[in-house]
Structure formats: structure tokens, C-alpha cells
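Engineer: Let me begin by handing over the structure; questions about it come next.
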Amino acid sequence: MTIPPRVRFAPSPTGFLHIGGARTALFNWLWARKTGGSFLLRIEDTDRERSTQQAVEAIFEGLRWLGLDWDEGPGRPGPGGPYFQMERLDLYRAHAEQLIRQGKAYACYCTREELDAGRARAEAAKVQFRYPGTCREKPFEPSRRHVIRFRVPEAGATGWDDLVKGPISTPHDTLQDEVILRSDGVPLYNFGVVVDDVTMGITLVARGDDHVNNTARQILMYQGLGATLPVFAHLPMILGADGKRLSKRHGATSVTEYRELGYLPQAVANYLVRLGWSHGDQEIFTLDELVRYFDWAQVGATAGVFNLEKMLWVNHQWLRALSDDDLARGALPHFQAAGLPAADDQKLRLVVRQLRERAKSFVEVVQQARCYYAPIALDPKAALKLLTPETRPLLQAIRDGLAGLPAPDGPQLTALFDGVAAARGLGLGKVAQPVRVALTGGTASPGIHDVVLILGRTEALARLDAAIAGIP
RNA sequence: GGCCCCUUAGUCUAGCGGUUAGGACGUCGGCCUCUCACGUCGAAGACAUGGGUUCAAUUCCCGUAGGGGUCACCA
């Protein structure tokens with residue numbers, strides 16, 4: 001009988017929910033759901049300079065959009081609360097005091113200026129600055145302005161067996177007595193996480209690769225506090241196409257941006273999890289399948305390059321699997337955002353049905369559907385080639401034929417186009433292409449019959465007339 | 001620069017001592033076809049490098065190179 005794991009996602013609210021953060025959250029969530037454990041959300045807002053309420057909301061929104069619900073956290077009280085670090089200040093102070101009493105931490109009275117000077121000297125001498133231990137043996141004077149530092153052993157090393165990277169060890173001489181509590185009593189990152197993870201009963205810490213170098217210090221603090229160590233799992237970073245850490249200059253990096261770009265949450269989750277994890281040759285996974293198959297053993301240790309092309313492909317797989325109704329409903333907000341007068345009606349059903357195999361995102365659906373909802377933008381090159389005196393009789397024949405069909409349907413249109421082509425000994429393409437340009441403005445579209453059906457007889461006739469009139 | 005981590009095609013990956021090194025995105029070509037797309041068939045394309053260990057290394061060990069991360073009273 002093993003106790004169910006408790007995992008957490010602990011973002012700092014300094015911006016939107018980043019793609020990388022979303023993936024970290026996803027792995028944690030997956031593990032909790034797979035094992036029947038708990039997924040906690042904790043907001044690390046101790047950096048008051050950069051933390052904003054807006055960012056907190058953005059994180060909630062991003063997680064909810066992806067379908068990641070938390071068992072404990074803001075809005076979901078539990079034994080681990082409160083879930084904002086700024087509401088846990090007394091907890092950090094109490095733990096710091098415990099360490100001071102035991103001689104494992106001490107007050108440091110050095111000023112920022114003194115420290116900066118030391119750093120400058122170290123830099124001039126081209127050596128690594130380490131806090132020299134100036135205040136290590138000084139008595140505790142609570143009334144004097146101070147920070148609290150954690151005492152790090154001089155010799156030896158601290159290591160752990162990382163769930164994704166295997167054994168890792170950090171020599172103590174690369175560490176220093178670091179500040180755990182600022183002079184205003186607010187904890188620094190490394191101390192805050194440890195106290196929180198200990199008091200929240202976190203058993204597995206899965207987080208970004210960039211925390212590998214913090215882990216040994218944190219383990220030392222766990223030991224100082226006499227707490228049981230969690231298991232650590234460090235997920236590799238997501239890189240941009242240039243091999244650098246993914247950032248804004250690589251394009252959209254927040255999950256909500258992808259919502260606006262017309263991606264489906266399950267597709268984004270699917271892609272993100274597959275970036276660094278695999279299950280044989282399978283590429284497309286429902287969230288349920290991910291929960292079922294997820295396993296740390298299959299999480300890779302190498303950083304992955306974010307590939308928008310592949311995510312688009314994954315999105316297309318999900319998009320095309322939607323029902324006409326869901327596809328229409330999902331696309332509608334994007335039509336509205338583009339200022340197009342689409343409505344949740346039969347026409348939209350016809351449009352999305354045709355675009356399902358052609359558009360990979362809702363935004364592409366809108367792009368390709370624009371010509372059915374707005375005046376056409378005639379492609380000059382296409383017009384020059386296909387709306388000519390030579391094609392004019394073909395356009396006229398189709399126009400007249402269509403005028404004679406009060407309520408055209410598929411078979412009638414087939415007969416019309418085939419008839420016009422056959423009468424002149426032409427292939428269907430010779431007739432369809434000019435008509436396509438006349439009706440959509442370009443040379444790429446769904447089948448020509450479907451285009452006519454989408455536009456409706458009246459609009460199709462108007463566009464044909466306009467095209468014919470435009471031919472010199 | 002110190003320390004830590006990583007290294008299979010352009011990209012994501014399978015592989016866990018013996019494989020014609022598998023799949024996917026992308027790319028290129030054929031087929032399908034009224035265009036585009038879908039679908040389908042096919043092609044090109046990878047074990048960074050040097051040493052070991054072993055009967056046998058993509059796989060294990062060490063070095064080198066390359067890449068990434070991190071060195072705050074940020075997280």
C-alpha cells in the first residue's frame with residue numbers, strides 16, 4: 001500500500017501561462033490523475049515587484065483552458081493552504097527561527113553595498129563570488145536590520161536520483177550560505193519552495209530543468225528542517241528553432257495565445273506532452289489516454305525544440321475529428337474576431353464541412369472562409385489568366401445554366417458543369433477554374449459545386465455577372 | 001569562466017549489447033483529382049567525435065567537441 005502522491009505546480013505570477021510552464025503543469029497533473037494522487041496549485045508571489053493579479057488570472061485561465069483542474073489551490077481550499085506564498089509569511093518565519101535556534105541558519109547584517117563591493121572585487125579578480133561568511137558567528141540581534149542565511153557545509157556534495165535525469169550531484173564548494181529570508185521577512189525562492197513543499201506534504205517535485213542547480217541547496221534545507229525528501233523530476237527545457245530557450249521572440253509562447261490562434265486545447269496538450277514523452281509510435285492522444293499511458297520512465301532527458309508545424313498538424317488531427325456542430329461553434333468566435341458576419345447556421349455548417357480537411361486551425365478556417373462572407377478579393381494573377389475573353393463564354397454558359405435552376409442541388413450542378421464542358425469538348429477543369437476565380441477570387445477552394453452551394457444561387461449569379469462584366 | 005545537465009535525420013522521438021536503426025512532422029516525387037486540401041504509394045535523410053570494455057557497441061565507461069542551464073535581499 002503506497003500513499004497517493006501529492007504533486008504541485010507552483011508558478012510565479014509574473015506573466016501569462018508559458019508553454020513550458022503549461023507542460024510542467026501537464027506532467028504533474030497527469031501523474032496525479034494516473035495515480036489517484038493530488039495536484040496542488042501554489043502561487044509563488046514573493047516577488048512583489050513583478051507579480052500581478054492579472055498574471056494570476058492568466059495562469060488560472062490557461063490551466064482551465066487546457067482542462068487542468070487542481071485538487072487544492074486558489075479557490076479549492078485544503079489541508080495544504082493557503083496557496084499564495086504572501087499569505088504564508090508566518091510559516092517561513094517560524095521555520096527560519098527553528099533553523100536559527102538549531103544553529104543551522106543565522107542573521108547576516110552585511111549591507112547590500114558591502115556585498116556588491118565584494119562581488120565587484122571578485123569579478124575584477126575573475127573569481128566566483130561567494131559570501132565570505134562574515135556574519136556566521138555573530139550573535140543574533142533581532143532589532144538590527146538583517147537577512148537570514150542558511151549555513152551550507154563546506155565540504156562534500158549533495159546528490160539525488162532524479163526521476164528523469166538519473167543521479168545528479170552538486171559539490172558544496174559551489175554553494176554558499178544563501179539568504180533564505182529577506183530583511184523584510186519575505187522568503188527567497190529556495191526557502192519558500194522547501195517550506196511550502198514540506199508543509200503541503202508534496203511527495204514528488206516535477207519542475208523545469210532550470211531548477212537542477214537549486215535542488216542540492218533545497219535538499220540541504222529539507223535535511224536542516226528534518227523533513228522527508230520528495231522525489232525530484234526535472235523536465236528538460238523547451239527550445240526555440242535556434243536552440244535557445246523558448247521566448248517571446250520565437251513567436252507565441254503563452255497557451256492563451258494559441259487559443260486565439262485557433263488551436264484546440266486538447267491539441268496543445270497533446271503536442272506539449274509528446275514533446276519530451278512518448279508512447280511507442282502513437283502521436284495522437286486524448287487526455288484520458290495520456291492519463292492512462294503517462295509514465296516517468298518514458299520522459300526524455302533531452303531538451304526539445306518547439307515545432308509549430310507539427311503542433312499545427314496535431315491540431316488539424318483534432319480539428320477534423322470534430323463534429324460539424326462543434327467545428328462551427330468553435331470557429332464562430334474567430335469569425336467574429338475577424339469581423340465577418342458568420343452566424344451559427346446552415347451556411348456555416350456547409351463551410352466548416354468543406355474546410356475540415358483544408359484548414360488546420362480555426363484561424364485558417366476563417367481565412368479560407370472569408371470569401372463566402374465578404375466581398376471577394378480578386379487575385380490579379382488568377383484573373384489575368386482565367387477571366388479572359390476566351391473563358392467568357394464558359395462563364396456565361398454556367399451563369400445562364402445556373403439562372404435556369406431555381407433551387408440548384410449537387411446533381412443538377414454536376415450536370416450543368418459536365419454539360420458545359422462536354423459541349424465544348426473540354427475537361428471539367430477548364431470550366432471549373434474560371435468559375436472558381438469568379439466565385440472565390442482565387443484558384444484554390446473546395447469543389448466548385450460546394451462553392452456554389454455555400455454561396456447560394458443569388459450570390460453566385462451576382463459574382464458571375466461581376467466577373468463577366470470585368471472581362472475586357 | 002566555475003558547476004550541473006544533454007547529444008539517434010531539419011524537428012519530435014522508438015531503441016534499453018546482436019535491428020535492413022522503427023514511427024511522426026516537414027521536404028521531394030507518383031497516384032487520386034475541377035483547383036486546393038485530404039487520402040494513398042514511394043524517396044531522400046540520423047546514431048557528434050576519439051578512446052576503451054566486450055565475441056559484439058547506437059546501446060556500458062572515460063575523454064573531446066557542441067548545445068543548454070545556473071551562478072541575486074528574482075523565481
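We label chains A, B, ... in the order they appear in the C-alpha cells, count residues from 1 in each chain, and number ligands from 1 in the order shown.
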Please identify all residues of chain B having at least one atom at most 12 Å from any atom of chain A, considering only C-alpha atoms (C1' of nucleotides), and return them as a JSON list (two decimals) with C-alpha atoms (C1' of nucleotides), in the first residue's frame.
Structural biologist:
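Ended up saving to iface-v2.json:
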```json
[["chain", "number", "residue", "atom", "x", "y", "z"],
["B", 1, "G", "C1'", 34.66, 31.40, -16.54],
["B", 2, "G", "C1'", 33.09, 27.64, -12.24],
["B", 3, "C", "C1'", 29.49, 23.98, -11.52],
["B", 4, "C", "C1'", 25.41, 20.94, -13.43],
["B", 5, "C", "C1'", 22.77, 18.63, -17.40],
["B", 6, "C", "C1'", 22.17, 16.99, -22.51],
["B", 7, "U", "C1'", 23.85, 14.66, -27.56],
["B", 8, "U", "C1'", 19.66, 8.97, -32.98],
["B", 10, "G", "C1'", 15.95, 19.94, -40.36],
["B", 11, "U", "C1'", 12.39, 18.79, -35.90],
["B", 12, "C", "C1'", 9.80, 15.38, -32.09],
["B", 13, "U", "C1'", 11.06, 10.52, -30.98],
["B", 14, "A", "C1'", 11.49, 4.44, -30.72],
["B", 15, "G", "C1'", 15.69, 1.72, -29.28],
["B", 16, "C", "C1'", 17.30, -0.11, -23.26],
["B", 22, "G", "C1'", 11.28, 1.88, -36.43],
["B", 23, "G", "C1'", 7.37, 5.88, -36.32],
["B", 24, "A", "C1'", 5.69, 11.12, -36.81],
["B", 25, "C", "C1'", 6.12, 16.44, -38.63],
["B", 26, "G", "C1'", 8.50, 18.78, -42.59],
["B", 33, "U", "C1'", -8.49, 14.73, -58.98],
["B", 34, "C", "C1'", -12.33, 20.57, -61.45],
["B", 35, "U", "C1'", -8.17, 23.71, -58.13],
["B", 36, "C", "C1'", -6.58, 23.31, -53.12],
["B", 37, "A", "C1'", -6.63, 20.01, -49.37],
["B", 38, "C", "C1'", -7.48, 15.03, -47.68],
["B", 39, "G", "C1'", -6.10, 10.12, -48.81],
["B", 66, "G", "C1'", 28.98, 21.10, -29.44],
["B", 67, "G", "C1'", 24.45, 22.69, -27.11],
["B", 68, "G", "C1'", 21.59, 24.06, -22.87],
["B", 69, "G", "C1'", 21.03, 25.51, -17.71],
["B", 70, "U", "C1'", 22.75, 28.10, -13.44],
["B", 71, "C", "C1'", 25.80, 31.16, -10.53],
["B", 72, "A", "C1'", 20.85, 37.84, -6.59],
["B", 73, "C", "C1'", 17.82, 40.50, -0.19],
["B", 74, "C", "C1'", 14.48, 37.23, -8.94],
["B", 75, "A", "C1'", 11.78, 32.87, -9.46]]
```
Engineer: Excluding Val164 in chain A and residues on its chain fewer than 3 positions from it, collect all residues at most 8 Å away from it, counting only C-alpha atoms (C1' of nucleotides), and give them as an NGL selection string.
Structural biologist: :A and (233-235 or 296-297 or 299-301)
Engineer: Just the helix (DSSP H, G or I) stuff from range 295-391 of chain A, please, per backbone DSSP, written as an MDAnalysis selection string.
Structural biologist: chainID A and resid 296:298 308:320 324:337 346:355 362:373 380:386
Engineer: Would you mind reading off the distance between C1' of A21 in chain B and C1' of A48 in chain B, one decimal, in Å?
Structural biologist: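 Going from C1' of A21 in chain B over to C1' of A48 in chain B covers 16.9 Å.
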Engineer: Find, counting only C-alpha atoms, the residue in A:Leu30, A:Ala157, A:Ile238, A:Cys135 that gets nearest to Thr215 in chain A.
Structural biologist: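 Residue with the minimum atom-to-atom distance to Thr215 in chain A: A:Ala157.
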